[in-house]
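Enquirer: Input file: my_file36.txt. Contents: compact mmCIF, C-alpha atoms.
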# COMPACT_ATOMS: atom_id res chain seq x y z
CA MET A 13 -68.23 73.13 -51.47
CA ALA A 14 -66.54 73.22 -48.07
CA SER A 15 -62.75 73.09 -48.00
CA ALA A 16 -60.90 70.07 -46.61
CA GLY A 17 -59.84 72.16 -43.62
CA ALA A 18 -63.42 73.15 -42.90
CA LEU A 19 -64.61 69.56 -43.16
CA LEU A 20 -61.88 68.46 -40.75
CA ALA A 21 -62.90 71.16 -38.30
CA LEU A 22 -66.54 70.02 -38.50
CA CYS A 23 -65.53 66.41 -37.91
CA LEU A 24 -63.41 67.32 -34.90
CA ALA A 25 -66.20 69.45 -33.50
CA ALA A 26 -68.56 66.50 -33.75
CA LEU A 27 -66.29 64.28 -31.67
CA PRO A 28 -67.07 63.94 -27.95
CA THR A 29 -64.86 66.04 -25.68
CA LEU A 30 -62.80 63.61 -23.63
CA ALA A 31 -60.56 64.40 -20.69
CA SER A 32 -56.86 63.66 -20.89
CA ASP A 33 -55.72 60.74 -18.75
CA VAL A 34 -52.16 61.97 -18.19
CA PRO A 35 -51.25 60.71 -14.69
CA ALA A 36 -50.17 62.97 -11.86
CA ARG A 37 -47.33 60.69 -10.73
CA MET A 38 -44.73 58.34 -12.24
CA SER A 39 -41.44 56.69 -11.25
CA GLN A 40 -37.92 57.47 -12.36
CA GLY A 41 -37.26 55.21 -15.36
CA GLY A 42 -40.99 54.90 -16.03
CA LEU A 43 -43.05 55.14 -19.21
CA VAL A 44 -46.43 56.85 -19.50
CA THR A 45 -48.91 56.01 -22.25
CA ALA A 46 -51.89 58.34 -22.11
CA THR A 47 -54.89 59.28 -24.22
CA VAL A 48 -55.79 62.89 -24.95
CA PRO A 49 -58.66 64.33 -27.02
CA VAL A 50 -58.35 63.46 -30.72
CA GLY A 51 -56.94 66.35 -32.71
CA SER A 52 -54.99 67.77 -29.78
CA THR A 53 -51.36 68.85 -29.74
CA ALA A 54 -49.06 68.40 -26.74
CA THR A 55 -45.77 69.49 -25.25
CA VAL A 56 -43.62 67.85 -22.56
CA ASN A 57 -41.51 70.38 -20.66
CA GLY A 58 -42.08 72.78 -23.53
CA LYS A 59 -41.02 70.38 -26.28
CA PRO A 60 -43.64 69.28 -28.85
CA VAL A 61 -44.38 65.56 -28.81
CA ARG A 62 -46.35 63.32 -31.13
CA VAL A 63 -50.05 62.78 -30.57
CA GLY A 64 -51.50 59.88 -32.55
CA ASN A 65 -54.61 60.01 -34.69
CA ASP A 66 -56.29 58.09 -31.88
CA GLY A 67 -55.11 60.59 -29.23
CA MET A 68 -52.21 58.42 -28.02
CA LEU A 69 -49.35 60.21 -26.25
CA VAL A 70 -46.22 58.77 -24.63
CA LEU A 71 -43.44 60.15 -22.44
CA GLY A 72 -40.71 58.82 -20.18
CA ALA A 73 -38.79 59.86 -17.08
CA GLY A 74 -35.06 59.12 -17.02
CA ARG A 75 -33.11 57.56 -14.16
CA ASP A 76 -32.14 60.93 -12.68
CA GLU A 77 -35.28 62.89 -13.55
CA LYS A 78 -36.28 65.03 -10.58
CA GLY A 79 -39.51 66.42 -12.00
CA PRO A 80 -42.07 67.72 -12.07
CA ILE A 81 -42.66 67.01 -15.76
CA THR A 82 -45.06 69.53 -17.27
CA VAL A 83 -47.44 68.20 -19.93
CA VAL A 84 -49.58 70.75 -21.78
CA VAL A 85 -52.36 69.41 -24.01
CA THR A 86 -54.03 71.89 -26.36
CA ARG A 87 -57.43 70.65 -27.48
CA PRO A 88 -58.87 71.31 -30.96
CA ASP A 89 -61.00 74.13 -29.51
CA GLY A 90 -57.90 75.83 -28.09
CA GLN A 91 -58.51 74.87 -24.46
CA ARG A 92 -55.36 73.86 -22.60
CA ASP A 93 -54.99 71.14 -19.99
CA THR A 94 -51.81 71.28 -17.93
CA THR A 95 -50.58 68.37 -15.82
CA ARG A 96 -47.47 68.54 -13.65
CA ILE A 97 -46.32 64.97 -13.12
CA VAL A 98 -44.53 64.29 -9.84
CA VAL A 99 -41.58 61.93 -10.41
CA ALA A 100 -41.08 59.47 -7.56
CA PRO A 101 -37.41 58.90 -6.73
CA ARG A 102 -35.88 55.43 -6.53
CA ALA A 103 -32.92 54.02 -4.60
CA TRP A 104 -30.23 52.79 -6.99
CA PRO A 105 -28.00 49.88 -5.91
CA VAL A 106 -24.28 49.59 -6.55
CA GLU A 107 -23.27 46.65 -8.73
CA ARG A 108 -19.65 45.47 -8.79
CA VAL A 109 -18.57 43.54 -11.89
CA ASN A 110 -15.12 41.95 -11.83
CA GLY A 111 -13.25 39.96 -14.43
CA VAL A 112 -14.08 42.34 -17.29
CA PRO A 113 -11.32 42.60 -19.96
CA PRO A 114 -9.29 45.69 -18.93
CA LYS A 115 -9.21 47.13 -22.45
CA THR A 116 -13.01 47.39 -22.41
CA VAL A 117 -12.97 49.31 -19.11
CA ASN A 118 -10.25 51.83 -19.97
CA PRO A 119 -9.81 51.55 -23.75
CA PRO A 120 -6.81 53.06 -25.56
CA PRO A 121 -7.41 56.18 -27.70
CA ASP A 122 -8.00 54.35 -30.99
CA ILE A 123 -10.54 52.03 -29.38
CA ALA A 124 -12.18 54.97 -27.56
CA ALA A 125 -12.63 56.69 -30.93
CA ARG A 126 -14.25 53.56 -32.35
CA ILE A 127 -16.62 53.33 -29.38
CA GLN A 128 -17.59 56.98 -29.88
CA ARG A 129 -18.38 56.38 -33.57
CA GLU A 130 -20.44 53.30 -32.79
CA ASN A 131 -22.35 55.08 -30.02
CA ALA A 132 -23.17 57.88 -32.47
CA GLU A 133 -24.60 55.35 -34.96
CA VAL A 134 -26.84 53.87 -32.30
CA ALA A 135 -27.94 57.31 -31.08
CA ALA A 136 -28.92 58.27 -34.64
CA ALA A 137 -31.11 55.16 -34.92
CA ARG A 138 -33.02 56.30 -31.81
CA LYS A 139 -34.14 59.58 -33.38
CA ARG A 140 -36.86 57.97 -35.46
CA ASP A 141 -40.34 59.30 -34.69
CA ASP A 142 -43.34 57.98 -36.60
CA ASP A 143 -46.96 57.15 -35.93
CA ARG A 144 -46.69 53.37 -35.63
CA GLU A 145 -48.04 52.09 -32.31
CA GLY A 146 -46.16 48.82 -31.99
CA PHE A 147 -46.09 49.42 -28.24
CA ALA A 148 -49.88 49.63 -27.89
CA ARG A 149 -50.43 45.92 -27.07
CA GLY A 150 -47.86 45.99 -24.29
CA PHE A 151 -44.62 44.01 -24.05
CA ILE A 152 -43.46 40.45 -23.46
CA TRP A 153 -40.20 39.14 -22.05
CA PRO A 154 -37.60 38.61 -24.81
CA VAL A 155 -36.15 35.58 -22.99
CA VAL A 156 -36.88 33.54 -19.87
CA GLY A 157 -34.13 33.57 -17.27
CA ARG A 158 -32.65 35.07 -14.11
CA ILE A 159 -32.32 38.84 -13.89
CA SER A 160 -28.59 39.36 -13.41
CA GLY A 161 -28.44 43.14 -13.77
CA ARG A 162 -31.03 45.83 -13.14
CA PHE A 163 -31.65 49.17 -14.77
CA GLY A 164 -30.08 52.17 -13.08
CA SER A 165 -27.59 50.38 -10.84
CA GLN A 166 -24.25 52.16 -10.40
CA ARG A 167 -21.75 49.84 -12.08
CA ILE A 168 -18.15 49.40 -10.96
CA PHE A 169 -16.05 47.43 -13.46
CA ASN A 170 -12.85 45.96 -12.03
CA GLY A 171 -12.99 48.60 -9.30
CA THR A 172 -13.53 51.51 -11.74
CA PRO A 173 -16.86 53.42 -11.44
CA LYS A 174 -18.69 53.67 -14.76
CA SER A 175 -22.03 54.97 -16.01
CA PRO A 176 -25.22 53.57 -14.45
CA HIS A 177 -26.53 50.42 -16.09
CA PRO A 178 -28.79 51.58 -18.96
CA GLY A 179 -30.94 48.45 -19.19
CA MET A 180 -31.72 45.03 -17.74
CA ASP A 181 -29.62 41.86 -18.02
CA ILE A 182 -31.22 38.43 -18.17
CA ALA A 183 -28.87 35.45 -17.72
CA VAL A 184 -29.61 32.66 -20.20
CA PRO A 185 -27.52 29.97 -21.96
CA GLN A 186 -25.53 30.84 -25.05
CA GLY A 187 -27.70 30.54 -28.15
CA THR A 188 -31.07 31.09 -26.42
CA PRO A 189 -33.52 32.58 -28.97
CA VAL A 190 -34.29 36.25 -28.30
CA LYS A 191 -37.81 37.43 -29.18
CA ALA A 192 -39.12 40.86 -30.11
CA PRO A 193 -40.98 42.22 -27.05
CA ALA A 194 -43.39 44.20 -29.24
CA ASP A 195 -44.07 45.01 -32.89
CA GLY A 196 -41.59 47.28 -34.61
CA ILE A 197 -39.03 48.00 -37.31
CA VAL A 198 -35.34 47.06 -37.04
CA THR A 199 -33.36 50.30 -37.22
CA PHE A 200 -29.89 48.98 -36.32
CA ALA A 201 -28.29 45.54 -36.62
CA LYS A 202 -24.55 44.90 -36.41
CA PRO A 203 -22.73 41.83 -35.08
CA ASP A 204 -19.47 43.27 -33.76
CA LEU A 205 -19.69 46.55 -31.85
CA TYR A 206 -16.74 46.89 -29.49
CA LEU A 207 -18.58 47.18 -26.18
CA THR A 208 -21.97 45.69 -27.02
CA GLY A 209 -21.05 43.01 -29.56
CA GLY A 210 -24.05 41.79 -31.55
CA THR A 211 -26.50 44.69 -31.32
CA VAL A 212 -30.09 45.07 -32.55
CA LEU A 213 -32.46 48.04 -32.17
CA ILE A 214 -36.21 47.76 -32.73
CA ASP A 215 -38.25 50.93 -33.11
CA HIS A 216 -41.78 50.58 -31.71
CA GLY A 217 -43.04 54.01 -32.82
CA PHE A 218 -43.44 57.39 -31.07
CA GLY A 219 -39.69 57.42 -30.28
CA LEU A 220 -39.86 54.20 -28.23
CA SER A 221 -37.17 51.62 -28.98
CA SER A 222 -35.71 48.41 -27.58
CA ASN A 223 -32.04 47.49 -27.87
CA PHE A 224 -30.53 44.04 -27.44
CA LEU A 225 -26.81 43.65 -26.81
CA HIS A 226 -24.15 40.91 -26.66
CA LEU A 227 -26.02 38.72 -29.16
CA SER A 228 -24.16 35.73 -30.58
CA ARG A 229 -26.31 35.70 -33.72
CA LEU A 230 -28.47 38.24 -35.54
CA ASP A 231 -31.55 36.97 -37.40
CA VAL A 232 -32.85 40.35 -38.62
CA SER A 233 -31.65 43.21 -40.79
CA VAL A 234 -32.24 46.96 -40.92
CA GLY A 235 -35.66 47.88 -42.30
CA GLN A 236 -37.24 44.55 -41.41
CA HIS A 237 -40.68 44.62 -39.77
CA VAL A 238 -41.00 42.29 -36.78
CA ARG A 239 -44.01 41.19 -34.80
CA GLN A 240 -44.17 40.58 -31.08
CA GLY A 241 -42.63 37.15 -30.41
CA ASP A 242 -40.55 36.95 -33.60
CA VAL A 243 -37.01 35.64 -33.03
CA ILE A 244 -34.49 38.42 -33.72
CA GLY A 245 -31.26 36.65 -32.71
CA ALA A 246 -29.57 34.52 -30.08
CA ALA A 247 -28.13 35.29 -26.65
CA GLY A 248 -24.38 35.43 -26.25
CA MET A 249 -21.51 37.21 -24.52
CA THR A 250 -20.02 39.30 -27.31
CA GLY A 251 -18.52 42.71 -26.50
CA ARG A 252 -18.01 43.64 -22.82
CA ALA A 253 -19.60 40.67 -21.06
CA THR A 254 -18.47 38.18 -18.44
CA GLY A 255 -21.08 35.52 -19.20
CA PRO A 256 -23.94 34.70 -21.59
CA HIS A 257 -26.94 36.92 -21.14
CA VAL A 258 -29.33 39.28 -22.94
CA HIS A 259 -29.13 42.98 -22.24
CA TRP A 260 -32.50 44.61 -22.91
CA GLY A 261 -32.42 48.39 -22.99
CA PHE A 262 -35.38 50.65 -23.65
CA ASN A 263 -35.49 54.29 -24.73
CA TRP A 264 -37.86 57.17 -25.35
CA PHE A 265 -35.63 58.93 -27.87
CA GLU A 266 -32.43 59.62 -25.87
CA VAL A 267 -34.10 59.02 -22.48
CA ARG A 268 -33.28 55.58 -21.06
CA LEU A 269 -36.15 53.80 -19.34
CA ASP A 270 -36.53 50.72 -17.16
CA PRO A 271 -37.88 47.68 -19.08
CA MET A 272 -39.24 46.34 -15.78
CA LEU A 273 -41.77 49.20 -15.74
CA LEU A 274 -43.17 48.61 -19.24
CA PRO A 275 -46.85 47.66 -19.71
CA GLY A 276 -47.11 43.87 -19.68
CA ILE A 277 -43.74 43.48 -17.95
CA GLU A 278 -44.32 45.42 -14.73
CA GLY A 279 -45.12 43.10 -11.85
CA THR A 280 -44.22 39.94 -13.76
CA SER A 281 -41.14 37.70 -13.74
CA PRO A 282 -39.03 36.40 -16.66
CA HIS A 283 -38.94 32.92 -15.05
Produce structure tokens that represent the structure in this file.
Expert:
Amino acid sequence: MASAGALLALCLAALPTLASDVPARMSQGGLVTATVPVGSTATVNGKPVRVGNDGMLVLGAGRDEKGPITVVVTRPDGQRDTTRIVVAPRAWPVERVNGVPPKTVNPPPDIAARIQRENAEVAAARKRDDDREGFARGFIWPVVGRISGRFGSQRIFNGTPKSPHPGMDIAVPQGTPVKAPADGIVTFAKPDLYLTGGTVLIDHGFGLSSNFLHLSRLDVSVGQHVRQGDVIGAAGMTGRATGPHVHWGFNWFEVRLDPMLLPGIEGTSPH
């Protein structure tokens, strides 16, 4: 009787040989979802990445990624396909935000230590990597409203330059229901982080995650499965905020991406 490994090899050999559809170009802050031959392995800039049982592969380019990004796909027969993705640069605007509580701009040492601990908790929640494909159907807007802050803009709080904006802000009234943009599992949910206030993270699989900040109410808990369109909380202005809005951030592991470039969102408006 043939071994399980031999049977798997026979099955893979019987599958049609498909070409990878890894693109040759992407934008800073962009997400790529590609299909490679089933049974392949892949690396991005030399680092192994997950390939789904259906051949799904994802990768992202951060705000300051210069490229090229090298993707090497090794097929079941050992053949290698190499794609060097050119990363198109973007012009990043400067955004001045005044009226922010001074202690949130230049916090004292004890508060700075708290912020560091909270940031570490959130970063740990982003390390999850499993084979769920909650992102596969694309994304929907979590709320309907005016975009009040864009990904990547250089932020100046009360005249003090800070890190670039890591997500997108959508201005909506206090208490507006916030919906899950895609299927996933809640990996972080706390109501009172110092800078971000009510904070929820949803893991969509393959290292992709959404984060929602400044919520006035949380309707989900860690470990809960959510479906696209489920209400996860309510908009607010908790933490460092000057008005009610929803901050939607998106990550590929530690790489921050632009929600405006996600499948289903790109080219559409939240109005």
Enquirer: Please provide as a VMD selection string all residues within 8 Å of Lys78 in chain A, with the sequence filter that same-chain residues fewer than 6 positions apart are discarded (counting all atoms listed in the file).
Expert: chain A and resid 40 99 to 101
Enquirer: Would you compute an axis-aligned box for range 227-235 of chain A, covering every atom listed for it in the file with 8 Å of margin on each side, and report centre and edge lengths in Å to one decimal as lines of an AutoDock Vina configuration file?
Expert:
center_x = -29.9
center_y = 41.8
center_z = -35.7
size_x = 27.5
size_y = 28.2
size_z = 29.1
Enquirer: Excluding range 277-280 of chain A and any residue of its chain fewer than 5 positions from it, enumerate the residues within 10 Å of it, using only C-alpha atoms, and give them as a count of residues only.
Expert: 8
Enquirer: List the spatial neighbours of range 81-83 of chain A as a list in words - criterion: any atom at most 6 Å away, only C-alpha atoms, same-chain residues fewer than 6 positions off excluded.
Expert: Thr55, Val56, Asn57, Thr94, Thr95, Arg96 and Ile97 of chain A
Enquirer: Extract, using only C-alpha atoms, all DNA, RNA and protein residues at most 12 Å from Met68 in chain A, discarding same-chain residues fewer than 3 positions from it, and format them as a ChimeraX atom specification.
Expert: /A:32-34,44-54,61-65,71,85,143-145,147-148,217-218
Enquirer: Using C-alpha atoms, can you export the residues from the last selection as an mmCIF file, keeping the file's coordinate frame?
Expert:
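Wrote it out as result-v8.cif, contents follow:
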data_model
loop_
_atom_site.group_PDB
_atom_site.id
_atom_site.type_symbol
_atom_site.label_atom_id
_atom_site.label_comp_id
_atom_site.auth_asym_id
_atom_site.auth_seq_id
_atom_site.Cartn_x
_atom_site.Cartn_y
_atom_site.Cartn_z
ATOM 1 C CA SER A 32 -56.860 63.660 -20.890
ATOM 2 C CA ASP A 33 -55.720 60.740 -18.750
ATOM 3 C CA VAL A 34 -52.160 61.970 -18.190
ATOM 4 C CA VAL A 44 -46.430 56.850 -19.500
ATOM 5 C CA THR A 45 -48.910 56.010 -22.250
ATOM 6 C CA ALA A 46 -51.890 58.340 -22.110
ATOM 7 C CA THR A 47 -54.890 59.280 -24.220
ATOM 8 C CA VAL A 48 -55.790 62.890 -24.950
ATOM 9 C CA PRO A 49 -58.660 64.330 -27.020
ATOM 10 C CA VAL A 50 -58.350 63.460 -30.720
ATOM 11 C CA GLY A 51 -56.940 66.350 -32.710
ATOM 12 C CA SER A 52 -54.990 67.770 -29.780
ATOM 13 C CA THR A 53 -51.360 68.850 -29.740
ATOM 14 C CA ALA A 54 -49.060 68.400 -26.740
ATOM 15 C CA VAL A 61 -44.380 65.560 -28.810
ATOM 16 C CA ARG A 62 -46.350 63.320 -31.130
ATOM 17 C CA VAL A 63 -50.050 62.780 -30.570
ATOM 18 C CA GLY A 64 -51.500 59.880 -32.550
ATOM 19 C CA ASN A 65 -54.610 60.010 -34.690
ATOM 20 C CA LEU A 71 -43.440 60.150 -22.440
ATOM 21 C CA VAL A 85 -52.360 69.410 -24.010
ATOM 22 C CA ASP A 143 -46.960 57.150 -35.930
ATOM 23 C CA ARG A 144 -46.690 53.370 -35.630
ATOM 24 C CA GLU A 145 -48.040 52.090 -32.310
ATOM 25 C CA PHE A 147 -46.090 49.420 -28.240
ATOM 26 C CA ALA A 148 -49.880 49.630 -27.890
ATOM 27 C CA GLY A 217 -43.040 54.010 -32.820
ATOM 28 C CA PHE A 218 -43.440 57.390 -31.070
#
Enquirer: Rank nothing, just name the residue among A:Arg102, A:Val212, A:Thr254, A:Val198 nearest to Gly235 in chain A, using all atoms listed in the file.
Expert: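 Under the stated criterion, the closest residue is A:Val198.
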Enquirer: Could you tell me how far CA of Thr250 in chain A sits from CA of Gly210 in chain A, in Å to one decimal place?
Expert: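 Going from CA of Gly210 in chain A over to CA of Thr250 in chain A, I get 6.4 Å.
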Enquirer: With a distance cut-off of 12 Å and all atoms listed in the file, select the neighbouring residues of Ser228 in chain A, excluding the residue or stretch itself and same-chain residues fewer than 4 positions from it, and output the selection as a list of chain:residue names.
Expert: A:Pro185, A:Gln186, A:Gly187, A:Thr188, A:Pro189, A:Val190, A:Lys202, A:Pro203, A:Asp204, A:Leu205, A:Thr208, A:Gly209, A:Gly210, A:Thr211, A:Val212, A:Phe224, A:Ile244, A:Gly245, A:Ala246, A:Ala247, A:Gly248, A:Met249, A:Thr250, A:Gly251, A:Ala253, A:Gly255, A:Pro256, A:His257, A:Val258
Enquirer: Kindly export the residues of the current selection with C-alpha atoms, as a PDB file, in the coordinates of the input.
Expert:
ATOM      1  CA  PRO A 185     -27.520  29.970 -21.960  1.00  0.00           C
ATOM      2  CA  GLN A 186     -25.530  30.840 -25.050  1.00  0.00           C
ATOM      3  CA  GLY A 187     -27.700  30.540 -28.150  1.00  0.00           C
ATOM      4  CA  THR A 188     -31.070  31.090 -26.420  1.00  0.00           C
ATOM      5  CA  PRO A 189     -33.520  32.580 -28.970  1.00  0.00           C
ATOM      6  CA  VAL A 190     -34.290  36.250 -28.300  1.00  0.00           C
ATOM      7  CA  LYS A 202     -24.550  44.900 -36.410  1.00  0.00           C
ATOM      8  CA  PRO A 203     -22.730  41.830 -35.080  1.00  0.00           C
ATOM      9  CA  ASP A 204     -19.470  43.270 -33.760  1.00  0.00           C
ATOM     10  CA  LEU A 205     -19.690  46.550 -31.850  1.00  0.00           C
ATOM     11  CA  THR A 208     -21.970  45.690 -27.020  1.00  0.00           C
ATOM     12  CA  GLY A 209     -21.050  43.010 -29.560  1.00  0.00           C
ATOM     13  CA  GLY A 210     -24.050  41.790 -31.550  1.00  0.00           C
ATOM     14  CA  THR A 211     -26.500  44.690 -31.320  1.00  0.00           C
ATOM     15  CA  VAL A 212     -30.090  45.070 -32.550  1.00  0.00           C
ATOM     16  CA  PHE A 224     -30.530  44.040 -27.440  1.00  0.00           C
ATOM     17  CA  ILE A 244     -34.490  38.420 -33.720  1.00  0.00           C
ATOM     18  CA  GLY A 245     -31.260  36.650 -32.710  1.00  0.00           C
ATOM     19  CA  ALA A 246     -29.570  34.520 -30.080  1.00  0.00           C
ATOM     20  CA  ALA A 247     -28.130  35.290 -26.650  1.00  0.00           C
ATOM     21  CA  GLY A 248     -24.380  35.430 -26.250  1.00  0.00           C
ATOM     22  CA  MET A 249     -21.510  37.210 -24.520  1.00  0.00           C
ATOM     23  CA  THR A 250     -20.020  39.300 -27.310  1.00  0.00           C
ATOM     24  CA  GLY A 251     -18.520  42.710 -26.500  1.00  0.00           C
ATOM     25  CA  ALA A 253     -19.600  40.670 -21.060  1.00  0.00           C
ATOM     26  CA  GLY A 255     -21.080  35.520 -19.200  1.00  0.00           C
ATOM     27  CA  PRO A 256     -23.940  34.700 -21.590  1.00  0.00           C
ATOM     28  CA  HIS A 257     -26.940  36.920 -21.140  1.00  0.00           C
ATOM     29  CA  VAL A 258     -29.330  39.280 -22.940  1.00  0.00           C
TER      30      VAL A 258
END
Enquirer: Select, counting all atoms listed in the file, all protein, DNA and RNA residues no farther than 9 Å from (-32.0, 39.1, -18.2) in file coordinates, and express the selection as a ChimeraX atom specification.
Expert: /A:154-162,180-184,257-260,282
Enquirer: In Å to one decimal, how far is CA of Gly241 in chain A from CA of Ala194 in chain A?
Expert: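 These atoms are spaced 7.2 Å apart.
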Enquirer: With only C-alpha atoms as the basis for distance, which of A:Gly146, A:Gly111, A:Gly79, A:Gly164 is at the shortest distance from Gly219 in chain A?
Expert: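 Selected residue with least distance to Gly219 in chain A: A:Gly146.
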Enquirer: Given only C-alpha atoms as the basis, pick out the residue of A:Asn110, A:Asp242, A:Ala201, A:Lys59 nearest to Leu230 in chain A.
Expert: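 Closest to Leu230 in chain A, using only C-alpha atoms: A:Ala201.
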